[in-house]
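Visitor: start04.pdb is the file, holding PDB, C-alpha atoms and all ligand atoms:
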ATOM      1  CA  MET A   1     -89.078   7.529  43.437
ATOM      2  CA  SER A   2     -88.309  10.899  41.924
ATOM      3  CA  SER A   3     -85.549  13.257  41.017
ATOM      4  CA  ALA A   4     -84.115  15.374  43.794
ATOM      5  CA  ASP A   5     -85.325  18.964  43.644
ATOM      6  CA  ASP A   6     -82.265  20.400  45.356
ATOM      7  CA  PRO A   7     -79.233  21.390  43.251
ATOM      8  CA  ASN A   8     -76.519  18.750  43.227
ATOM      9  CA  PRO A   9     -73.633  20.120  45.308
ATOM     10  CA  TYR A  10     -71.043  18.243  43.221
ATOM     11  CA  LEU A  11     -72.024  19.875  39.940
ATOM     12  CA  ASP A  12     -71.615  23.344  38.609
ATOM     13  CA  ASN A  13     -74.052  24.156  35.837
ATOM     14  CA  PRO A  14     -77.820  24.439  35.518
ATOM     15  CA  ALA A  15     -79.215  21.611  33.422
ATOM     16  CA  SER A  16     -81.778  23.893  31.797
ATOM     17  CA  GLU A  17     -79.143  25.583  29.635
ATOM     18  CA  LEU A  18     -78.135  22.368  27.884
ATOM     19  CA  PRO A  19     -79.733  21.299  24.583
ATOM     20  CA  LEU A  20     -81.864  18.162  24.534
ATOM     21  CA  ASN A  21     -82.382  16.892  20.995
ATOM     22  CA  PHE A  22     -82.895  13.171  21.209
ATOM     23  CA  PRO A  23     -84.535  11.094  18.486
ATOM     24  CA  LYS A  24     -88.126   9.963  19.027
ATOM     25  CA  PRO A  25     -87.179   6.375  19.979
ATOM     26  CA  SER A  26     -85.379   7.821  23.002
ATOM     27  CA  LEU A  27     -88.683   8.803  24.556
ATOM     28  CA  SER A  28     -90.824   6.692  26.836
ATOM     29  CA  ARG A  29     -93.255   4.370  25.044
ATOM     30  CA  LYS A  30     -95.980   6.168  26.973
ATOM     31  CA  ASN A  31     -94.991   9.508  25.443
ATOM     32  CA  PRO A  32     -97.354  10.444  22.570
ATOM     33  CA  LEU A  33     -94.354  11.576  20.499
ATOM     34  CA  TYR A  34     -92.650   8.179  20.787
ATOM     35  CA  GLU A  35     -91.940   6.613  17.406
ATOM     36  CA  TYR A  36     -90.076   3.392  16.915
ATOM     37  CA  ASP A  37     -89.401   1.228  13.886
ATOM     38  CA  PRO A  38     -87.626  -2.080  14.669
ATOM     39  CA  THR A  39     -86.484  -2.400  11.060
ATOM     40  CA  ILE A  40     -84.299   0.702  11.290
ATOM     41  CA  HIS A  41     -83.765   1.500  14.979
ATOM     42  CA  ALA A  42     -81.627  -0.253  17.569
ATOM     43  CA  PRO A  43     -83.539  -2.731  19.787
ATOM     44  CA  GLU A  44     -85.892  -1.227  22.328
ATOM     45  CA  ILE A  45     -85.179  -1.470  25.999
ATOM     46  CA  GLU A  46     -87.984  -3.983  26.515
ATOM     47  CA  PRO A  47     -90.389  -3.804  29.482
ATOM     48  CA  ILE A  48     -88.596  -6.720  31.168
ATOM     49  CA  GLU A  49     -85.290  -4.838  30.905
ATOM     50  CA  HIS A  50     -86.721  -1.733  32.565
ATOM     51  CA  ARG A  51     -88.170  -4.019  35.214
ATOM     52  CA  ILE A  52     -84.904  -5.869  35.873
ATOM     53  CA  ARG A  53     -83.140  -2.551  36.435
ATOM     54  CA  TYR A  54     -85.901  -1.595  38.845
ATOM     55  CA  ASP A  55     -85.568  -4.987  40.550
ATOM     56  CA  PHE A  56     -81.832  -4.484  40.957
ATOM     57  CA  ALA A  57     -82.370  -0.934  42.227
ATOM     58  CA  LYS A  58     -84.934  -2.149  44.740
ATOM     59  CA  ALA A  59     -82.434  -4.690  46.067
ATOM     60  CA  GLY A  60     -79.585  -2.165  46.274
ATOM     61  CA  LEU A  61     -75.919  -3.056  46.137
ATOM     62  CA  THR A  62     -75.243  -6.786  46.394
ATOM     63  CA  MET A  63     -72.697  -7.732  49.034
ATOM     64  CA  LYS A  64     -69.484  -8.986  47.547
ATOM     65  CA  MET A  65     -69.777 -12.220  49.513
ATOM     66  CA  SER A  66     -72.883 -13.092  47.481
ATOM     67  CA  LEU A  67     -70.910 -13.221  44.233
ATOM     68  CA  LEU A  68     -70.070 -16.662  42.834
ATOM     69  CA  GLU A  69     -66.426 -17.681  42.537
ATOM     70  CA  SER A  70     -67.108 -18.250  38.852
ATOM     71  CA  TYR A  71     -69.956 -19.233  36.542
ATOM     72  CA  SER A  72     -70.174 -20.371  32.935
ATOM     73  CA  PRO A  73     -73.175 -19.100  30.962
ATOM     74  CA  TYR A  74     -72.322 -21.623  28.247
ATOM     75  CA  ASN A  75     -72.417 -24.739  30.431
ATOM     76  CA  ASN A  76     -75.645 -23.990  32.294
ATOM     77  CA  ASP A  77     -79.295 -23.670  31.357
ATOM     78  CA  SER A  78     -82.706 -23.763  32.980
ATOM     79  CA  SER A  79     -82.327 -27.492  33.662
ATOM     80  CA  SER A  80     -79.174 -26.903  35.741
ATOM     81  CA  GLU A  81     -79.111 -26.590  39.503
ATOM     82  CA  ASP A  82     -79.376 -23.019  40.829
ATOM     83  CA  PRO A  83     -75.728 -21.985  41.371
ATOM     84  CA  TRP A  84     -76.636 -20.579  44.799
ATOM     85  CA  ALA A  85     -78.613 -23.706  45.796
ATOM     86  CA  ASN A  86     -76.103 -24.863  48.404
ATOM     87  CA  SER A  87     -74.478 -21.560  49.207
ATOM     88  CA  GLY A  88     -75.759 -21.027  52.740
ATOM     89  CA  ASP A  89     -75.874 -17.888  54.862
ATOM     90  CA  LEU A  90     -72.377 -16.686  53.989
ATOM     91  CA  ASN A  91     -73.034 -16.621  50.277
ATOM     92  CA  PRO A  92     -76.771 -15.958  49.841
ATOM     93  CA  LYS A  93     -78.362 -15.567  46.432
ATOM     94  CA  PRO A  94     -78.508 -11.826  45.617
ATOM     95  CA  GLU A  95     -81.898 -10.215  46.199
ATOM     96  CA  ALA A  96     -81.488  -8.496  42.822
ATOM     97  CA  LEU A  97     -81.599 -11.887  41.104
ATOM     98  CA  LYS A  98     -84.502 -13.184  43.142
ATOM     99  CA  ASN A  99     -86.497 -10.072  42.215
ATOM    100  CA  ALA A 100     -85.531 -10.346  38.547
ATOM    101  CA  GLU A 101     -86.437 -14.031  38.281
ATOM    102  CA  PHE A 102     -89.835 -13.336  39.776
ATOM    103  CA  SER A 103     -90.377 -10.558  37.221
ATOM    104  CA  ILE A 104     -89.262 -12.750  34.328
ATOM    105  CA  GLN A 105     -91.892 -15.377  35.241
ATOM    106  CA  ASP A 106     -94.484 -12.675  35.705
ATOM    107  CA  ARG A 107     -93.744 -11.115  32.331
ATOM    108  CA  LEU A 108     -93.765 -14.531  30.646
ATOM    109  CA  GLU A 109     -97.257 -15.144  32.048
ATOM    110  CA  TYR A 110     -98.384 -11.709  30.891
ATOM    111  CA  GLU A 111     -97.167 -12.401  27.360
ATOM    112  CA  GLU A 112     -99.206 -15.628  27.271
ATOM    113  CA  HIS A 113    -102.180 -13.314  27.076
ATOM    114  CA  LEU A 114    -100.588 -11.422  24.174
ATOM    115  CA  PHE A 115     -99.935 -14.654  22.288
ATOM    116  CA  GLU A 116    -103.448 -15.962  22.875
ATOM    117  CA  ASN A 117    -104.925 -12.822  21.288
ATOM    118  CA  TRP A 118    -102.056 -11.921  19.013
ATOM    119  CA  ASP A 119    -104.155 -11.159  15.931
ATOM    120  CA  ASP A 120    -105.923  -8.236  17.592
ATOM    121  CA  ASP A 121    -104.788  -4.697  16.862
ATOM    122  CA  SER A 122    -105.158  -3.580  20.469
ATOM    123  CA  VAL A 123    -102.949  -6.489  21.635
ATOM    124  CA  ILE A 124    -100.311  -5.782  18.996
ATOM    125  CA  GLU A 125    -100.360  -2.176  20.166
ATOM    126  CA  LYS A 126     -99.488  -3.287  23.729
ATOM    127  CA  ALA A 127     -96.663  -5.624  22.687
ATOM    128  CA  PRO A 128     -93.017  -4.475  22.854
ATOM    129  CA  GLY A 129     -91.736  -3.047  19.563
ATOM    130  CA  TYR A 130     -89.985  -6.178  18.334
ATOM    131  CA  LEU A 131     -92.848  -8.512  19.192
ATOM    132  CA  ALA A 132     -95.413  -6.161  17.642
ATOM    133  CA  HIS A 133     -93.298  -6.145  14.483
ATOM    134  CA  ARG A 134     -93.190  -9.958  14.452
ATOM    135  CA  PHE A 135     -96.965 -10.201  14.984
ATOM    136  CA  ARG A 136     -97.513  -7.958  11.959
ATOM    137  CA  GLU A 137     -95.076  -9.976   9.858
ATOM    138  CA  ILE A 138     -96.724 -13.233  10.908
ATOM    139  CA  ARG A 139    -100.189 -11.891  10.086
ATOM    140  CA  ASP A 140     -99.024 -11.280   6.522
ATOM    141  CA  SER A 141     -97.309 -14.653   6.193
ATOM    142  CA  ASP A 142     -98.592 -17.830   4.491
ATOM    143  CA  ASN A 143     -98.838 -19.869   7.679
ATOM    144  CA  PRO A 144     -99.632 -17.575  10.617
ATOM    145  CA  GLU A 145    -100.435 -20.381  13.083
ATOM    146  CA  GLU A 146     -97.038 -21.982  12.668
ATOM    147  CA  GLY A 147     -95.364 -18.573  12.721
ATOM    148  CA  VAL A 148     -96.928 -17.556  15.987
ATOM    149  CA  GLN A 149     -96.115 -20.916  17.593
ATOM    150  CA  ASN A 150     -92.466 -20.553  16.633
ATOM    151  CA  GLU A 151     -92.375 -16.993  17.880
ATOM    152  CA  ARG A 152     -93.902 -18.039  21.196
ATOM    153  CA  ALA A 153     -91.322 -20.806  21.602
ATOM    154  CA  ASN A 154     -88.463 -18.397  20.800
ATOM    155  CA  ARG A 155     -89.814 -15.753  23.137
ATOM    156  CA  THR A 156     -90.262 -18.261  25.989
ATOM    157  CA  TYR A 157     -86.727 -19.526  25.461
ATOM    158  CA  TRP A 158     -85.419 -15.922  25.537
ATOM    159  CA  TYR A 159     -87.066 -15.282  28.889
ATOM    160  CA  GLU A 160     -86.154 -18.623  30.420
ATOM    161  CA  GLN A 161     -82.524 -18.323  29.400
ATOM    162  CA  MET A 162     -82.135 -14.762  30.721
ATOM    163  CA  PRO A 163     -80.887 -15.699  34.201
ATOM    164  CA  TRP A 164     -78.708 -18.549  32.923
ATOM    165  CA  SER A 165     -77.153 -16.945  29.853
ATOM    166  CA  ASN A 166     -76.785 -13.447  31.189
ATOM    167  CA  LEU A 167     -77.861 -12.398  34.694
ATOM    168  CA  TYR A 168     -76.124 -15.105  36.764
ATOM    169  CA  ALA A 169     -72.897 -14.479  34.867
ATOM    170  CA  LEU A 170     -72.872 -10.879  36.093
ATOM    171  CA  PHE A 171     -72.626 -11.969  39.722
ATOM    172  CA  THR A 172     -69.166 -13.492  39.725
ATOM    173  CA  LYS A 173     -66.009 -12.619  41.630
ATOM    174  CA  ASP A 174     -63.634 -13.562  38.839
ATOM    175  CA  SER A 175     -65.119 -11.119  36.300
ATOM    176  CA  SER A 176     -68.244  -9.062  35.686
ATOM    177  CA  LEU A 177     -69.404  -7.316  38.877
ATOM    178  CA  GLY A 178     -66.321  -8.702  40.626
ATOM    179  CA  ASP A 179     -64.278  -6.346  38.428
ATOM    180  CA  LEU A 180     -66.294  -3.379  39.626
ATOM    181  CA  TYR A 181     -66.036  -4.054  43.323
ATOM    182  CA  PRO A 182     -62.907  -2.664  44.914
ATOM    183  CA  SER A 183     -60.245  -5.337  44.630
ATOM    184  CA  SER A 184     -57.546  -6.438  47.042
ATOM    185  CA  HIS A 185     -55.475  -3.264  46.758
ATOM    186  CA  ARG A 186     -58.408  -1.269  47.988
ATOM    187  CA  GLN A 187     -60.034  -1.670  51.338
ATOM    188  CA  TYR A 188     -63.356  -3.372  51.205
ATOM    189  CA  SER A 189     -65.633  -4.612  53.910
ATOM    190  CA  ASP A 190     -67.997  -7.464  53.178
ATOM    191  CA  THR A 191     -70.057  -6.852  56.233
ATOM    192  CA  GLY A 192     -70.078  -3.080  56.600
ATOM    193  CA  LYS A 193     -72.102  -0.686  54.506
ATOM    194  CA  PRO A 194     -70.412  -1.070  51.121
ATOM    195  CA  VAL A 195     -72.027   1.734  49.144
ATOM    196  CA  ASP A 196     -69.470   4.452  49.852
ATOM    197  CA  GLU A 197     -66.688   2.065  48.895
ATOM    198  CA  ALA A 198     -68.277   0.987  45.608
ATOM    199  CA  HIS A 199     -69.394   4.478  44.644
ATOM    200  CA  ASN A 200     -66.628   7.061  44.728
ATOM    201  CA  LYS A 201     -64.039   8.667  42.461
ATOM    202  CA  HIS A 202     -61.657   5.713  42.906
ATOM    203  CA  THR A 203     -64.179   3.008  42.082
ATOM    204  CA  ASN A 204     -67.456   3.598  40.215
ATOM    205  CA  TYR A 205     -69.006   6.980  39.562
ATOM    206  CA  PHE A 206     -71.070   8.908  37.018
ATOM    207  CA  GLU A 207     -70.106  12.116  35.302
ATOM    208  CA  GLY A 208     -72.459  14.597  33.664
ATOM    209  CA  ALA A 209     -70.862  15.704  30.384
ATOM    210  CA  ILE A 210     -71.430  17.224  26.960
ATOM    211  CA  LEU A 211     -70.671  15.254  23.798
ATOM    212  CA  VAL A 212     -69.804  17.258  20.700
ATOM    213  CA  ASP A 213     -69.338  16.098  17.117
ATOM    214  CA  ASN A 214     -65.861  15.343  15.884
ATOM    215  CA  ASN A 215     -65.527  18.634  14.025
ATOM    216  CA  SER A 216     -66.365  20.796  17.021
ATOM    217  CA  ASP A 217     -63.871  22.378  19.354
ATOM    218  CA  PRO A 218     -64.604  21.200  22.928
ATOM    219  CA  GLU A 219     -62.973  24.356  24.369
ATOM    220  CA  LYS A 220     -65.296  26.565  22.364
ATOM    221  CA  VAL A 221     -68.384  24.558  23.349
ATOM    222  CA  ALA A 222     -67.291  24.710  26.998
ATOM    223  CA  GLU A 223     -67.071  28.459  26.688
ATOM    224  CA  ASP A 224     -70.506  28.672  25.024
ATOM    225  CA  PHE A 225     -72.143  26.789  27.882
ATOM    226  CA  ASP A 226     -69.885  28.241  30.556
ATOM    227  CA  VAL A 227     -68.705  24.850  31.795
ATOM    228  CA  ASP A 228     -65.344  23.285  32.616
ATOM    229  CA  PRO A 229     -63.818  21.981  29.321
ATOM    230  CA  ASP A 230     -62.773  18.813  31.175
ATOM    231  CA  HIS A 231     -66.381  17.685  30.864
ATOM    232  CA  VAL A 232     -66.771  18.267  27.134
ATOM    233  CA  TYR A 233     -65.808  15.328  24.906
ATOM    234  CA  ARG A 234     -65.682  14.675  21.209
ATOM    235  CA  GLU A 235     -67.934  11.794  20.210
ATOM    236  CA  GLU A 236     -64.927   9.941  18.751
ATOM    237  CA  GLU A 237     -63.447   9.533  22.234
ATOM    238  CA  PHE A 238     -66.105   6.876  22.815
ATOM    239  CA  ASN A 239     -65.941   5.202  19.404
ATOM    240  CA  TYR A 240     -63.670   2.482  20.789
ATOM    241  CA  THR A 241     -63.436   0.737  17.412
ATOM    242  CA  HIS A 242     -60.590  -1.412  18.758
ATOM    243  CA  LYS A 243     -63.079  -3.071  21.137
ATOM    244  CA  GLY A 244     -64.992  -4.741  18.295
ATOM    245  CA  ASP A 245     -67.991  -4.126  16.085
ATOM    246  CA  ALA A 246     -70.647  -4.878  18.695
ATOM    247  CA  LEU A 247     -69.921  -1.759  20.715
ATOM    248  CA  VAL A 248     -72.252   1.059  19.748
ATOM    249  CA  ARG A 249     -71.038   4.533  18.908
ATOM    250  CA  PRO A 250     -72.830   7.445  20.560
ATOM    251  CA  ASP A 251     -73.916   8.816  17.173
ATOM    252  CA  GLU A 252     -75.961   5.650  16.570
ATOM    253  CA  TYR A 253     -78.305   6.778  19.343
ATOM    254  CA  ILE A 254     -77.853  10.542  19.394
ATOM    255  CA  GLU A 255     -79.028  12.566  16.403
ATOM    256  CA  ALA A 256     -77.744  16.040  17.220
ATOM    257  CA  PHE A 257     -74.689  17.382  19.011
ATOM    258  CA  PRO A 258     -73.842  18.968  21.388
ATOM    259  CA  ALA A 259     -75.731  16.553  23.616
ATOM    260  CA  PRO A 260     -75.726  16.214  27.393
ATOM    261  CA  VAL A 261     -74.866  12.649  28.476
ATOM    262  CA  VAL A 262     -73.799  10.623  31.477
ATOM    263  CA  ILE A 263     -70.465   8.823  31.363
ATOM    264  CA  GLY A 264     -69.990   5.832  33.629
ATOM    265  CA  HIS A 265     -66.505   5.455  35.107
ATOM    266  CA  TYR A 266     -65.846   2.023  36.542
ATOM    267  CA  ALA A 267     -63.425   0.459  39.000
ATOM    268  CA  ASN A 268     -61.727  -1.602  36.280
ATOM    269  CA  ASP A 269     -60.815   1.700  34.548
ATOM    270  CA  SER A 270     -63.344   1.415  31.724
ATOM    271  CA  GLU A 271     -65.499   4.374  30.719
ATOM    272  CA  TYR A 272     -68.695   4.124  28.715
ATOM    273  CA  VAL A 273     -71.438   6.524  27.727
ATOM    274  CA  LEU A 274     -74.924   5.626  28.922
ATOM    275  CA  LEU A 275     -77.094   6.443  25.905
ATOM    276  CA  PRO A 276     -80.710   7.614  26.210
ATOM    277  CA  TRP A 277     -82.975   5.069  24.535
ATOM    278  CA  THR A 278     -86.651   4.037  24.690
ATOM    279  CA  GLY A 279     -87.365   5.634  28.048
ATOM    280  CA  GLY A 280     -84.143   4.662  29.805
ATOM    281  CA  LEU A 281     -80.410   4.419  29.150
ATOM    282  CA  THR A 282     -78.351   1.745  27.475
ATOM    283  CA  CYS A 283     -74.659   1.139  28.064
ATOM    284  CA  GLN A 284     -72.666   1.309  24.845
ATOM    285  CA  CYS A 285     -70.329  -1.545  25.805
ATOM    286  CA  HIS A 286     -69.393  -4.475  23.619
ATOM    287  CA  TYR A 287     -70.682  -7.170  25.978
ATOM    288  CA  LYS A 288     -74.181  -5.700  26.086
ATOM    289  CA  HIS A 289     -74.646  -5.419  22.336
ATOM    290  CA  GLU A 290     -72.806  -8.515  21.176
ATOM    291  CA  LYS A 291     -75.707 -10.931  21.793
ATOM    292  CA  PRO A 292     -79.443 -10.231  21.634
ATOM    293  CA  PHE A 293     -80.120 -12.280  24.770
ATOM    294  CA  ARG A 294     -77.979 -10.027  26.928
ATOM    295  CA  VAL A 295     -80.485  -7.800  28.636
ATOM    296  CA  MET A 296     -77.957  -6.285  31.008
ATOM    297  CA  CYS A 297     -74.205  -5.693  31.318
ATOM    298  CA  LYS A 298     -72.194  -5.365  34.511
ATOM    299  CA  HIS A 299     -72.151  -1.572  34.098
ATOM    300  CA  GLU A 300     -75.944  -1.385  33.966
ATOM    301  CA  ALA A 301     -76.165  -3.817  36.877
ATOM    302  CA  MET A 302     -73.862  -1.685  39.016
ATOM    303  CA  ALA A 303     -75.612   1.509  37.867
ATOM    304  CA  SER A 304     -79.022   0.074  38.766
ATOM    305  CA  MET A 305     -77.923  -0.984  42.235
ATOM    306  CA  LEU A 306     -76.236   2.361  42.937
ATOM    307  CA  ALA A 307     -79.266   4.302  41.681
ATOM    308  CA  GLY A 308     -81.361   2.169  44.002
ATOM    309  CA  GLU A 309     -79.097   2.950  46.949
ATOM    310  CA  HIS A 310     -79.889   6.592  46.248
ATOM    311  CA  GLY A 311     -83.602   5.788  46.185
ATOM    312  CA  SER A 312     -84.235   6.715  42.585
ATOM    313  CA  GLU A 313     -84.284   5.654  38.935
ATOM    314  CA  TYR A 314     -81.885   8.529  38.221
ATOM    315  CA  LEU A 315     -78.137   7.935  38.161
ATOM    316  CA  PRO A 316     -76.410   9.765  41.010
ATOM    317  CA  LEU A 317     -73.847  12.161  39.496
ATOM    318  CA  THR A 318     -70.773  13.056  41.517
ATOM    319  CA  GLU A 319     -68.755  14.764  38.821
ATOM    320  CA  GLY A 320     -69.138  17.158  35.918
ATOM    321  CA  ILE A 321     -72.156  19.023  34.655
ATOM    322  CA  ASP A 322     -75.716  18.921  35.909
ATOM    323  CA  VAL A 323     -77.478  17.299  32.926
ATOM    324  CA  PRO A 324     -81.251  17.207  32.308
ATOM    325  CA  ASP A 325     -83.015  14.495  34.319
ATOM    326  CA  ARG A 326     -83.978  12.520  31.206
ATOM    327  CA  VAL A 327     -80.290  11.970  30.454
ATOM    328  CA  ARG A 328     -79.658  10.212  33.764
ATOM    329  CA  ARG A 329     -82.878   8.203  34.010
ATOM    330  CA  LEU A 330     -81.752   4.592  33.882
ATOM    331  CA  TYR A 331     -85.162   2.994  33.479
ATOM    332  CA  ASP A 332     -88.680   4.105  32.712
ATOM    333  CA  PRO A 333     -90.940   3.800  35.765
ATOM    334  CA  LEU A 334     -93.942   3.739  33.412
ATOM    335  CA  ALA A 335     -92.603   0.574  31.784
ATOM    336  CA  ILE A 336     -92.041  -1.548  34.872
ATOM    337  CA  ASP A 337     -95.685  -2.372  35.588
ATOM    338  CA  TRP A 338     -97.084  -4.187  32.559
ATOM    339  CA  THR A 339    -100.564  -4.643  33.905
ATOM    340  CA  SER A 340    -101.295  -0.924  33.920
TER
HETATM  341 ZN    ZN B 401     -71.808  -2.057  29.723
END
Show how you would write the structure in this file as structure tokens.
Ligand SMILES: [Zn+2]
Guide:
Amino acid sequence: MSSADDPNPYLDNPASELPLNFPKPSLSRKNPLYEYDPTIHAPEIEPIEHRIRYDFAKAGLTMKMSLLESYSPYNNDSSSEDPWANSGDLNPKPEALKNAEFSIQDRLEYEEHLFENWDDDSVIEKAPGYLAHRFREIRDSDNPEEGVQNERANRTYWYEQMPWSNLYALFTKDSSLGDLYPSSHRQYSDTGKPVDEAHNKHTNYFEGAILVDNNSDPEKVAEDFDVDPDHVYREEEFNYTHKGDALVRPDEYIEAFPAPVVIGHYANDSEYVLLPWTGGLTCQCHYKHEKPFRVMCKHEAMASMLAGEHGSEYLPLTEGIDVPDRVRRLYDPLAIDWTS
């Protein structure tokens, strides 16, 4: 998978003219300049999260008929029956979920190795940022054996709950992805090729844009970069304080403005910035950041599947400004294979 070399016919400005000043935690973990401190920075996009996006992309857009009528993440756990267990051919379990569940097990097995050798600097080095931080804390604690056992139990629970507390709940007709599929007032075919219907200016699409700080004049910045002012936004337009504290503001992830970004526009009329972070992008929405066990929101799920339909880890832009590739890279391909 790679970025297209040809200019995007929908967009009107060369990406090379836009500034790219992201903080060091925005880089890939494999980049030598990457620097991350879990005590001050927002949570990393963990390897399993990059992988789940890849898994969803590989599967492509899920057919609407595979969505559940409804699902409660609060009344189900890993001891419950698979909600698609009796669904049959008309309502098959989404490939995206099958891929993700396989990866979750695989990652869990890989981390067994980390836990068995946790007190080794080279192992700590390989662990995701949060886990590496915990290993260091535990090493300095009074009872490291108990500490590492507790951490292992918590980590296992986190992985095992992922489908039940988060991923399954995305695949419902009554909310989540169901909100992002064209609803009854729009034509939608369950059996035809659905991509064009789920990815257009009336449903879900991605806009390349420039964010400026709240004291800047968007018209002036548009003139400086010779772009349409319709695609230049003040950061405060995405503050959304009325949506609750969990939602992240762009300036929590972006150090310097003006900054090129991708804005996701969704079929339920919501609009969120996808913020560059630890090798990929994170949606700023409230749902995603409200609970630590939520590794994906419906916007990231839809974005992953649409990126996959376009054969790439890069978000397909159909509106706005041609932003640098890093700004539209949804997941880090170097993070999806943890054995390398
Ligand atoms: Zn979201």
Visitor: Expand the PyMOL selection byres (((not hetatm)) within 8 of (chain B and resi 401)) into the individual residues it matches in the shown file, reporting them as a list of chain:residue names.
Guide: A:Tyr272, A:Thr282, A:Cys283, A:Gln284, A:Cys285, A:His286, A:Tyr287, A:Lys288, A:Met296, A:Cys297, A:Lys298, A:His299, A:Glu300
Visitor: I'd like to know which of A:Met63, A:Ala307, A:Leu247, A:Ala335 is closest to Glu44 (chain A), using all atoms listed in the file.
Guide: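 So, comparing all the options, the nearest one is A:Ala335.
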Visitor: Given the file shown, enumerate the residues that the PyMOL selection byres (((chain A and resi 199) around 12) and not hetatm) captures and present them as a short mmCIF file (atom, residue, chain, number, x, y, z; two decimals) with C-alpha atoms, in the frame of the given file.
Guide:
data_model
loop_
_atom_site.label_atom_id
_atom_site.label_comp_id
_atom_site.auth_asym_id
_atom_site.auth_seq_id
_atom_site.Cartn_x
_atom_site.Cartn_y
_atom_site.Cartn_z
CA LEU A 61 -75.92 -3.06 46.14
CA LEU A 180 -66.29 -3.38 39.63
CA TYR A 181 -66.04 -4.05 43.32
CA PRO A 182 -62.91 -2.66 44.91
CA TYR A 188 -63.36 -3.37 51.20
CA LYS A 193 -72.10 -0.69 54.51
CA PRO A 194 -70.41 -1.07 51.12
CA VAL A 195 -72.03 1.73 49.14
CA ASP A 196 -69.47 4.45 49.85
CA GLU A 197 -66.69 2.06 48.90
CA ALA A 198 -68.28 0.99 45.61
CA ASN A 200 -66.63 7.06 44.73
CA LYS A 201 -64.04 8.67 42.46
CA HIS A 202 -61.66 5.71 42.91
CA THR A 203 -64.18 3.01 42.08
CA ASN A 204 -67.46 3.60 40.22
CA TYR A 205 -69.01 6.98 39.56
CA PHE A 206 -71.07 8.91 37.02
CA GLY A 264 -69.99 5.83 33.63
CA HIS A 265 -66.50 5.46 35.11
CA TYR A 266 -65.85 2.02 36.54
CA ALA A 267 -63.42 0.46 39.00
CA MET A 302 -73.86 -1.68 39.02
CA ALA A 303 -75.61 1.51 37.87
CA MET A 305 -77.92 -0.98 42.24
CA LEU A 306 -76.24 2.36 42.94
CA ALA A 307 -79.27 4.30 41.68
CA GLU A 309 -79.10 2.95 46.95
CA HIS A 310 -79.89 6.59 46.25
CA LEU A 315 -78.14 7.94 38.16
CA PRO A 316 -76.41 9.76 41.01
CA LEU A 317 -73.85 12.16 39.50
CA THR A 318 -70.77 13.06 41.52
CA GLU A 319 -68.76 14.76 38.82
#
Visitor: Please report the interatomic distance between CA of Gln161 (chain A) and CA of Ser78 (chain A) in Å with one decimal.
Guide: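 Distance between the two atoms: 6.5 Å.
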Visitor: Where does the PyMOL selection byres (((chain A and resi 22) around 12) and not hetatm) land in this file, that is, which residues does it pick, as a ChimeraX atom specification?
Guide: /A:19-21,23-28,33-35,250-261,275-279,324,326-327
Visitor: Is it possible to dump region 256-288 of chain A as an mmCIF file, in the first residue's frame, including just C-alpha atoms?
Guide:
data_model
loop_
_atom_site.group_PDB
_atom_site.id
_atom_site.type_symbol
_atom_site.label_atom_id
_atom_site.label_comp_id
_atom_site.auth_asym_id
_atom_site.auth_seq_id
_atom_site.Cartn_x
_atom_site.Cartn_y
_atom_site.Cartn_z
ATOM 1 C CA ALA A 256 2.108 25.181 15.803
ATOM 2 C CA PHE A 257 -0.407 26.809 13.487
ATOM 3 C CA PRO A 258 -1.127 27.116 10.611
ATOM 4 C CA ALA A 259 -1.280 23.343 10.293
ATOM 5 C CA PRO A 260 -2.569 21.190 7.449
ATOM 6 C CA VAL A 261 -5.210 18.705 8.661
ATOM 7 C CA VAL A 262 -7.913 16.385 7.413
ATOM 8 C CA ILE A 263 -11.493 17.024 8.482
ATOM 9 C CA GLY A 264 -13.908 14.114 8.413
ATOM 10 C CA HIS A 265 -17.458 14.978 7.353
ATOM 11 C CA TYR A 266 -19.976 12.294 8.209
ATOM 12 C CA ALA A 267 -23.452 11.289 7.090
ATOM 13 C CA ASN A 268 -24.987 12.205 10.457
ATOM 14 C CA ASP A 269 -23.764 15.796 9.877
ATOM 15 C CA SER A 270 -20.911 15.688 12.387
ATOM 16 C CA GLU A 271 -17.472 17.031 11.503
ATOM 17 C CA TYR A 272 -14.287 16.169 13.350
ATOM 18 C CA VAL A 273 -10.608 16.813 12.798
ATOM 19 C CA LEU A 274 -8.428 13.728 12.457
ATOM 20 C CA LEU A 275 -5.328 14.651 14.461
ATOM 21 C CA PRO A 276 -1.849 13.340 13.617
ATOM 22 C CA TRP A 277 -0.571 11.269 16.531
ATOM 23 C CA THR A 278 2.022 8.522 17.112
ATOM 24 C CA GLY A 279 2.329 7.499 13.480
ATOM 25 C CA GLY A 280 -1.349 7.679 12.554
ATOM 26 C CA LEU A 281 -4.408 9.855 13.129
ATOM 27 C CA THR A 282 -6.835 10.019 16.007
ATOM 28 C CA CYS A 283 -10.395 11.294 15.794
ATOM 29 C CA GLN A 284 -11.034 14.120 18.237
ATOM 30 C CA CYS A 285 -14.565 12.968 19.090
ATOM 31 C CA HIS A 286 -16.005 12.618 22.560
ATOM 32 C CA TYR A 287 -16.829 8.912 22.286
ATOM 33 C CA LYS A 288 -13.255 7.965 21.420
#
